[in-house]
$ cat data-v2.cif   # mmCIF, C-alpha atoms
data_upload
loop_
_atom_site.label_atom_id
_atom_site.label_comp_id
_atom_site.auth_asym_id
_atom_site.auth_seq_id
_atom_site.Cartn_x
_atom_site.Cartn_y
_atom_site.Cartn_z
CA MET A 5 87.04 -60.65 50.17
CA ALA A 6 86.45 -59.10 46.79
CA ILE A 7 86.32 -61.40 43.80
CA LYS A 8 87.81 -59.88 40.67
CA ILE A 9 89.19 -60.62 37.23
CA VAL A 10 92.83 -59.62 36.86
CA GLU A 11 94.64 -59.28 33.53
CA ILE A 12 98.13 -60.76 33.64
CA ARG A 13 100.27 -58.33 31.68
CA ASN A 14 103.85 -59.58 31.58
CA PRO A 15 105.94 -62.78 31.69
CA ASP A 16 107.00 -62.31 35.32
CA GLU A 17 103.37 -62.00 36.46
CA LEU A 18 102.51 -65.00 34.29
CA LYS A 19 105.13 -67.19 35.98
CA LYS A 20 103.77 -66.19 39.37
CA THR A 21 100.36 -67.61 38.42
CA HIS A 22 101.73 -71.11 37.65
CA ALA A 23 101.38 -72.55 41.16
CA GLY A 24 97.92 -71.01 41.64
CA ILE A 25 96.63 -72.41 38.34
CA ASN A 26 97.94 -75.89 39.13
CA SER A 27 96.47 -75.69 42.65
CA LEU A 28 93.12 -74.90 41.06
CA ILE A 29 93.47 -77.84 38.63
CA LYS A 30 94.12 -80.21 41.55
CA THR A 31 90.80 -79.19 43.14
CA LEU A 32 88.89 -80.27 40.04
CA SER A 33 87.14 -83.62 39.89
CA GLU A 34 88.35 -86.17 37.38
CA GLU A 35 85.33 -85.29 35.23
CA ASP A 36 86.15 -81.55 35.40
CA GLN A 37 89.77 -82.23 34.47
CA HIS A 38 88.49 -84.31 31.57
CA MET A 39 86.26 -81.40 30.46
CA LEU A 40 89.35 -79.17 30.51
CA GLY A 41 91.07 -81.61 28.17
CA LEU A 42 93.49 -83.15 30.64
CA LYS A 43 94.23 -86.86 30.55
CA LYS A 44 93.57 -88.99 33.62
CA ASN A 45 96.09 -88.24 36.41
CA GLU A 46 97.54 -85.28 34.49
CA HIS A 47 97.42 -82.49 37.08
CA ASP A 48 99.68 -79.85 35.52
CA TYR A 49 97.71 -77.67 33.17
CA LEU A 50 100.85 -76.33 31.48
CA HIS A 51 104.52 -76.77 32.22
CA PRO A 52 106.59 -73.58 32.67
CA ALA A 53 108.32 -74.15 29.30
CA GLN A 54 104.89 -73.97 27.61
CA TYR A 55 104.12 -70.55 29.09
CA LYS A 56 105.76 -68.90 26.10
CA TYR A 57 102.61 -69.85 24.18
CA ILE A 58 100.30 -67.86 26.46
CA THR A 59 99.41 -64.69 24.58
CA LYS A 60 96.88 -63.39 27.12
CA ARG A 61 95.70 -64.56 30.54
CA TRP A 62 93.01 -63.35 32.87
CA VAL A 63 92.68 -64.90 36.31
CA LEU A 64 89.66 -64.88 38.57
CA LYS A 65 90.87 -64.16 42.08
CA ASP A 66 89.16 -64.54 45.43
CA GLY A 67 91.58 -62.53 47.55
CA ASP A 68 94.99 -63.96 46.66
CA LYS A 69 93.63 -67.33 45.52
CA ILE A 70 93.18 -68.12 41.81
CA VAL A 71 89.73 -69.63 41.33
CA GLY A 72 89.45 -69.40 37.53
CA PHE A 73 91.24 -68.36 34.36
CA PHE A 74 90.90 -67.60 30.66
CA ASP A 75 93.98 -68.31 28.57
CA LEU A 76 94.64 -67.47 24.94
CA LEU A 77 97.52 -69.59 23.66
CA ALA A 78 99.17 -68.88 20.31
CA ASP A 79 102.12 -70.21 18.39
CA GLY A 80 103.80 -69.50 15.10
CA LYS A 81 103.35 -67.12 12.21
CA PRO A 82 100.74 -66.67 10.92
CA MET A 83 99.15 -66.60 14.36
CA TYR A 84 96.62 -69.20 15.37
CA GLY A 85 95.15 -69.10 18.85
CA ASN A 86 93.44 -71.53 21.22
CA VAL A 87 91.30 -70.63 24.22
CA ILE A 88 91.08 -72.42 27.59
CA ILE A 89 88.56 -71.43 30.28
CA CYS A 90 88.33 -72.89 33.79
CA VAL A 91 86.39 -71.95 36.95
CA ALA A 92 86.63 -73.65 40.35
CA PRO A 93 83.61 -75.84 41.19
CA TRP A 94 82.60 -73.68 44.18
CA MET A 95 82.61 -70.55 41.97
CA ARG A 96 80.32 -71.96 39.29
CA ASP A 97 76.73 -70.92 38.66
CA LYS A 98 77.57 -67.41 39.86
CA GLY A 99 78.31 -65.89 36.45
CA TRP A 100 82.12 -65.93 36.75
CA GLY A 101 82.73 -68.26 33.79
CA ASP A 102 80.48 -65.97 31.79
CA LYS A 103 82.46 -62.87 32.87
CA LEU A 104 85.79 -64.56 32.06
CA CYS A 105 84.52 -65.59 28.63
CA GLU A 106 83.11 -62.11 27.98
CA THR A 107 86.41 -60.46 29.01
CA GLY A 108 88.61 -62.75 26.91
CA SER A 109 86.26 -62.87 23.92
CA SER A 110 86.05 -59.08 23.87
CA TRP A 111 89.86 -58.84 23.80
CA VAL A 112 89.98 -61.41 20.96
CA ASP A 113 87.40 -59.35 19.02
CA GLN A 114 89.42 -56.16 19.49
CA HIS A 115 92.73 -57.80 18.47
CA ILE A 116 91.52 -60.39 15.94
CA LYS A 117 93.56 -58.87 13.10
CA ARG A 118 96.69 -60.21 14.84
CA PHE A 119 95.46 -63.76 14.17
CA ASN A 120 94.44 -65.89 11.21
CA ASN A 121 91.95 -67.49 13.56
CA VAL A 122 91.35 -68.32 17.19
CA ILE A 123 89.79 -71.63 18.22
CA LEU A 124 87.77 -72.35 21.33
CA ALA A 125 87.48 -76.14 21.59
CA CYS A 126 85.27 -77.91 24.10
CA LEU A 127 84.36 -81.52 24.70
CA SER A 128 81.17 -82.47 22.93
CA GLU A 129 79.44 -83.15 26.26
CA ASN A 130 80.48 -79.81 27.85
CA LYS A 131 77.17 -77.99 27.32
CA GLN A 132 78.15 -74.92 29.41
CA SER A 133 81.18 -74.22 27.24
CA HIS A 134 79.10 -74.62 24.07
CA ALA A 135 76.57 -72.10 25.41
CA LEU A 136 79.29 -69.57 26.33
CA ALA A 137 80.98 -69.91 22.93
CA LYS A 138 77.74 -69.18 21.13
CA LYS A 139 76.81 -66.32 23.47
CA TYR A 140 80.09 -64.48 22.79
CA GLY A 141 80.11 -64.79 19.02
CA TRP A 142 82.22 -67.90 18.43
CA LYS A 143 81.07 -69.75 15.30
CA ARG A 144 80.86 -73.55 15.12
CA TYR A 145 83.66 -74.85 12.89
CA LYS A 146 83.43 -78.61 12.34
CA ASP A 147 86.56 -78.72 10.15
CA ARG A 148 88.68 -78.18 13.28
CA ASP A 149 86.95 -80.76 15.50
CA GLU A 150 89.35 -83.35 16.83
CA ASP A 151 89.52 -86.58 18.76
CA ARG A 152 92.17 -86.57 21.48
CA PRO A 153 93.23 -90.04 22.59
CA GLY A 154 92.50 -90.61 26.25
CA VAL A 155 90.37 -87.46 26.46
CA GLY A 156 87.54 -87.45 23.90
CA HIS A 157 85.97 -85.58 21.00
CA PHE A 158 86.37 -81.80 20.94
CA ASP A 159 84.01 -79.52 19.03
CA ALA A 160 85.64 -76.39 17.65
CA TYR A 161 84.36 -72.82 17.63
CA ILE A 162 86.22 -70.13 15.70
CA LYS A 163 86.78 -66.41 15.45
CA THR A 164 88.51 -64.94 12.42
CA PRO A 165 88.92 -61.35 11.25
CA ALA A 166 86.03 -61.99 8.84
CA THR A 167 83.61 -63.40 11.46
CA VAL A 168 84.29 -60.46 13.80
CA ILE A 169 83.83 -57.87 11.02
CA VAL A 170 80.57 -59.50 9.88
CA LYS A 171 79.29 -59.48 13.49
CA GLU A 172 80.19 -55.78 13.82
CA ILE A 173 78.29 -55.00 10.61
CA PHE A 174 75.18 -56.91 11.74
CA ASP A 175 75.35 -55.33 15.20
CA SER A 176 75.44 -51.86 13.62
CA ILE A 177 72.37 -52.40 11.43
CA GLU A 178 69.12 -51.16 12.90
CA LEU A 179 66.19 -53.37 12.07
CA LYS A 180 62.97 -51.47 11.48
#
$ encode --input "data-v2.cif" --output "structure tokens"
Amino acid sequence: MAIKIVEIRNPDELKKTHAGINSLIKTLSEEDQHMLGLKKNEHDYLHPAQYKYITKRWVLKDGDKIVGFFDLLADGKPMYGNVIICVAPWMRDKGWGDKLCETGSSWVDQHIKRFNNVILACLSENKQSHALAKKYGWKRYKDRDEDRPGVGHFDAYIKTPATVIVKEIFDSIELK
């Protein structure tokens, strides 16, 4: 079967992904669920009522099965966003988390003017997420770090219109 990243484009498609996302979450070890920010024995990633906060979603599919996702959640005006990335254990170390992060981060860069900022938060001990954040232009932002009771300390990375514009300027400069 072909493995592919699929953009979820409308609320009806989004609702159809609910069961697949939660099935994926249930396959994760307790440590992996912890890395995702879930409390012990909390197996639902989001409840259907919370889906209104999902601004963009990409799912990694192996045939019809969801084996990973990148979510951008946003609420309120002005817009602030949060990013969640997850890949099934058996799909790791194959570059899929990297491709999901690249896809979602690229969309954030192209649409950053819609947001005041977008935060990608990862547990301090989640070294893979830290590496992906840095690779795709997220800047460390200690002011938004937080301790979540029952979960742990989260380090924040940020994208703002200014950080994306500065990156574009530096990328366009040829060093001689």
$ resolve_selection --input "data-v2.cif" --expression "the PyMOL selection byres ((chain A and resi 20-22) around 12)" --output "short mmCIF file (atom, residue, chain, number, x, y, z; two decimals) with C-alpha atoms, in the frame of the given file"
data_model
loop_
_atom_site.label_atom_id
_atom_site.label_comp_id
_atom_site.auth_asym_id
_atom_site.auth_seq_id
_atom_site.Cartn_x
_atom_site.Cartn_y
_atom_site.Cartn_z
CA VAL A 10 92.83 -59.62 36.86
CA GLU A 11 94.64 -59.28 33.53
CA ILE A 12 98.13 -60.76 33.64
CA ARG A 13 100.27 -58.33 31.68
CA ASN A 14 103.85 -59.58 31.58
CA PRO A 15 105.94 -62.78 31.69
CA ASP A 16 107.00 -62.31 35.32
CA GLU A 17 103.37 -62.00 36.46
CA LEU A 18 102.51 -65.00 34.29
CA LYS A 19 105.13 -67.19 35.98
CA ALA A 23 101.38 -72.55 41.16
CA GLY A 24 97.92 -71.01 41.64
CA ILE A 25 96.63 -72.41 38.34
CA ASN A 26 97.94 -75.89 39.13
CA SER A 27 96.47 -75.69 42.65
CA LEU A 28 93.12 -74.90 41.06
CA ILE A 29 93.47 -77.84 38.63
CA ASP A 48 99.68 -79.85 35.52
CA TYR A 49 97.71 -77.67 33.17
CA LEU A 50 100.85 -76.33 31.48
CA HIS A 51 104.52 -76.77 32.22
CA PRO A 52 106.59 -73.58 32.67
CA ALA A 53 108.32 -74.15 29.30
CA GLN A 54 104.89 -73.97 27.61
CA TYR A 55 104.12 -70.55 29.09
CA ILE A 58 100.30 -67.86 26.46
CA ARG A 61 95.70 -64.56 30.54
CA TRP A 62 93.01 -63.35 32.87
CA VAL A 63 92.68 -64.90 36.31
CA LEU A 64 89.66 -64.88 38.57
CA LYS A 65 90.87 -64.16 42.08
CA ASP A 68 94.99 -63.96 46.66
CA LYS A 69 93.63 -67.33 45.52
CA ILE A 70 93.18 -68.12 41.81
CA VAL A 71 89.73 -69.63 41.33
CA GLY A 72 89.45 -69.40 37.53
CA PHE A 73 91.24 -68.36 34.36
CA ASP A 75 93.98 -68.31 28.57
#
$ closest_residue --input "data-v2.cif" --among "A:Thr59, A:Ala137, A:Lys163, A:Asn130" --to "His38 of chain A" --atoms "all atoms listed in the file"
A:Asn130
$ residues_around --input "data-v2.cif" --residues "Val122 of chain A" --least-positions-apart "2" --cutoff "12 Å" --atoms "all atoms listed in the file" --output "PDB file with C-alpha atoms, in the frame of the given file"
ATOM      1  CA  THR A  59      99.410 -64.690  24.580  1.00  0.00           C
ATOM      2  CA  ASP A  75      93.980 -68.310  28.570  1.00  0.00           C
ATOM      3  CA  LEU A  76      94.640 -67.470  24.940  1.00  0.00           C
ATOM      4  CA  LEU A  77      97.520 -69.590  23.660  1.00  0.00           C
ATOM      5  CA  ALA A  78      99.170 -68.880  20.310  1.00  0.00           C
ATOM      6  CA  ASP A  79     102.120 -70.210  18.390  1.00  0.00           C
ATOM      7  CA  PRO A  82     100.740 -66.670  10.920  1.00  0.00           C
ATOM      8  CA  MET A  83      99.150 -66.600  14.360  1.00  0.00           C
ATOM      9  CA  TYR A  84      96.620 -69.200  15.370  1.00  0.00           C
ATOM     10  CA  GLY A  85      95.150 -69.100  18.850  1.00  0.00           C
ATOM     11  CA  ASN A  86      93.440 -71.530  21.220  1.00  0.00           C
ATOM     12  CA  VAL A  87      91.300 -70.630  24.220  1.00  0.00           C
ATOM     13  CA  ILE A  88      91.080 -72.420  27.590  1.00  0.00           C
ATOM     14  CA  GLY A 108      88.610 -62.750  26.910  1.00  0.00           C
ATOM     15  CA  SER A 109      86.260 -62.870  23.920  1.00  0.00           C
ATOM     16  CA  TRP A 111      89.860 -58.840  23.800  1.00  0.00           C
ATOM     17  CA  VAL A 112      89.980 -61.410  20.960  1.00  0.00           C
ATOM     18  CA  ASP A 113      87.400 -59.350  19.020  1.00  0.00           C
ATOM     19  CA  HIS A 115      92.730 -57.800  18.470  1.00  0.00           C
ATOM     20  CA  ILE A 116      91.520 -60.390  15.940  1.00  0.00           C
ATOM     21  CA  LYS A 117      93.560 -58.870  13.100  1.00  0.00           C
ATOM     22  CA  ARG A 118      96.690 -60.210  14.840  1.00  0.00           C
ATOM     23  CA  PHE A 119      95.460 -63.760  14.170  1.00  0.00           C
ATOM     24  CA  ASN A 120      94.440 -65.890  11.210  1.00  0.00           C
ATOM     25  CA  LEU A 124      87.770 -72.350  21.330  1.00  0.00           C
ATOM     26  CA  ALA A 125      87.480 -76.140  21.590  1.00  0.00           C
ATOM     27  CA  ALA A 137      80.980 -69.910  22.930  1.00  0.00           C
ATOM     28  CA  GLY A 141      80.110 -64.790  19.020  1.00  0.00           C
ATOM     29  CA  TRP A 142      82.220 -67.900  18.430  1.00  0.00           C
ATOM     30  CA  LYS A 143      81.070 -69.750  15.300  1.00  0.00           C
ATOM     31  CA  ARG A 144      80.860 -73.550  15.120  1.00  0.00           C
ATOM     32  CA  TYR A 145      83.660 -74.850  12.890  1.00  0.00           C
ATOM     33  CA  ARG A 148      88.680 -78.180  13.280  1.00  0.00           C
ATOM     34  CA  ALA A 160      85.640 -76.390  17.650  1.00  0.00           C
ATOM     35  CA  TYR A 161      84.360 -72.820  17.630  1.00  0.00           C
ATOM     36  CA  ILE A 162      86.220 -70.130  15.700  1.00  0.00           C
ATOM     37  CA  LYS A 163      86.780 -66.410  15.450  1.00  0.00           C
ATOM     38  CA  THR A 164      88.510 -64.940  12.420  1.00  0.00           C
ATOM     39  CA  PRO A 165      88.920 -61.350  11.250  1.00  0.00           C
ATOM     40  CA  ALA A 166      86.030 -61.990   8.840  1.00  0.00           C
ATOM     41  CA  THR A 167      83.610 -63.400  11.460  1.00  0.00           C
ATOM     42  CA  VAL A 168      84.290 -60.460  13.800  1.00  0.00           C
TER      43      VAL A 168
END
$ atom_distance --input "data-v2.cif" --atom1 "atom CA of Asp66 of chain A" --atom2 "atom CA of Ile7 of chain A"
4.5 Å
$ atom_distance --input "data-v2.cif" --atom1 "atom CA of Asn121 of chain A" --atom2 "atom CA of Asp147 of chain A"
12.9 Å
$ residues_around --input "data-v2.cif" --residues "Glu35 of chain A" --least-positions-apart "2" --cutoff "12 Å" --atoms "all atoms listed in the file" --output "list in words"
Ile29, Lys30, Thr31, Leu32, Ser33, Gln37, His38, Met39, Leu40, Gly41, Leu42, Lys43, Lys44, Asn45, Pro93, Leu127, Glu129, Asn130, Val155 and Gly156 of chain A
$ write_last_selection --input "data-v2.cif" --atoms "C-alpha atoms" --output "mmCIF file, in the frame of the given file"
data_model
loop_
_atom_site.group_PDB
_atom_site.id
_atom_site.type_symbol
_atom_site.label_atom_id
_atom_site.label_comp_id
_atom_site.auth_asym_id
_atom_site.auth_seq_id
_atom_site.Cartn_x
_atom_site.Cartn_y
_atom_site.Cartn_z
ATOM 1 C CA ILE A 29 93.470 -77.840 38.630
ATOM 2 C CA LYS A 30 94.120 -80.210 41.550
ATOM 3 C CA THR A 31 90.800 -79.190 43.140
ATOM 4 C CA LEU A 32 88.890 -80.270 40.040
ATOM 5 C CA SER A 33 87.140 -83.620 39.890
ATOM 6 C CA GLN A 37 89.770 -82.230 34.470
ATOM 7 C CA HIS A 38 88.490 -84.310 31.570
ATOM 8 C CA MET A 39 86.260 -81.400 30.460
ATOM 9 C CA LEU A 40 89.350 -79.170 30.510
ATOM 10 C CA GLY A 41 91.070 -81.610 28.170
ATOM 11 C CA LEU A 42 93.490 -83.150 30.640
ATOM 12 C CA LYS A 43 94.230 -86.860 30.550
ATOM 13 C CA LYS A 44 93.570 -88.990 33.620
ATOM 14 C CA ASN A 45 96.090 -88.240 36.410
ATOM 15 C CA PRO A 93 83.610 -75.840 41.190
ATOM 16 C CA LEU A 127 84.360 -81.520 24.700
ATOM 17 C CA GLU A 129 79.440 -83.150 26.260
ATOM 18 C CA ASN A 130 80.480 -79.810 27.850
ATOM 19 C CA VAL A 155 90.370 -87.460 26.460
ATOM 20 C CA GLY A 156 87.540 -87.450 23.900
#
$ closest_residue --input "data-v2.cif" --among "A:Asp102, A:Ala6, A:Glu34, A:Ala92" --to "Ala135 of chain A" --atoms "all atoms listed in the file"
A:Asp102
$ atom_distance --input "data-v2.cif" --atom1 "atom CA of Tyr140 of chain A" --atom2 "atom CA of Gly154 of chain A"
29.1 Å
$ closest_residue --input "data-v2.cif" --among "A:Tyr57, A:Asp36, A:Ile89, A:Trp100" --to "His134 of chain A" --atoms "all atoms listed in the file"
A:Ile89
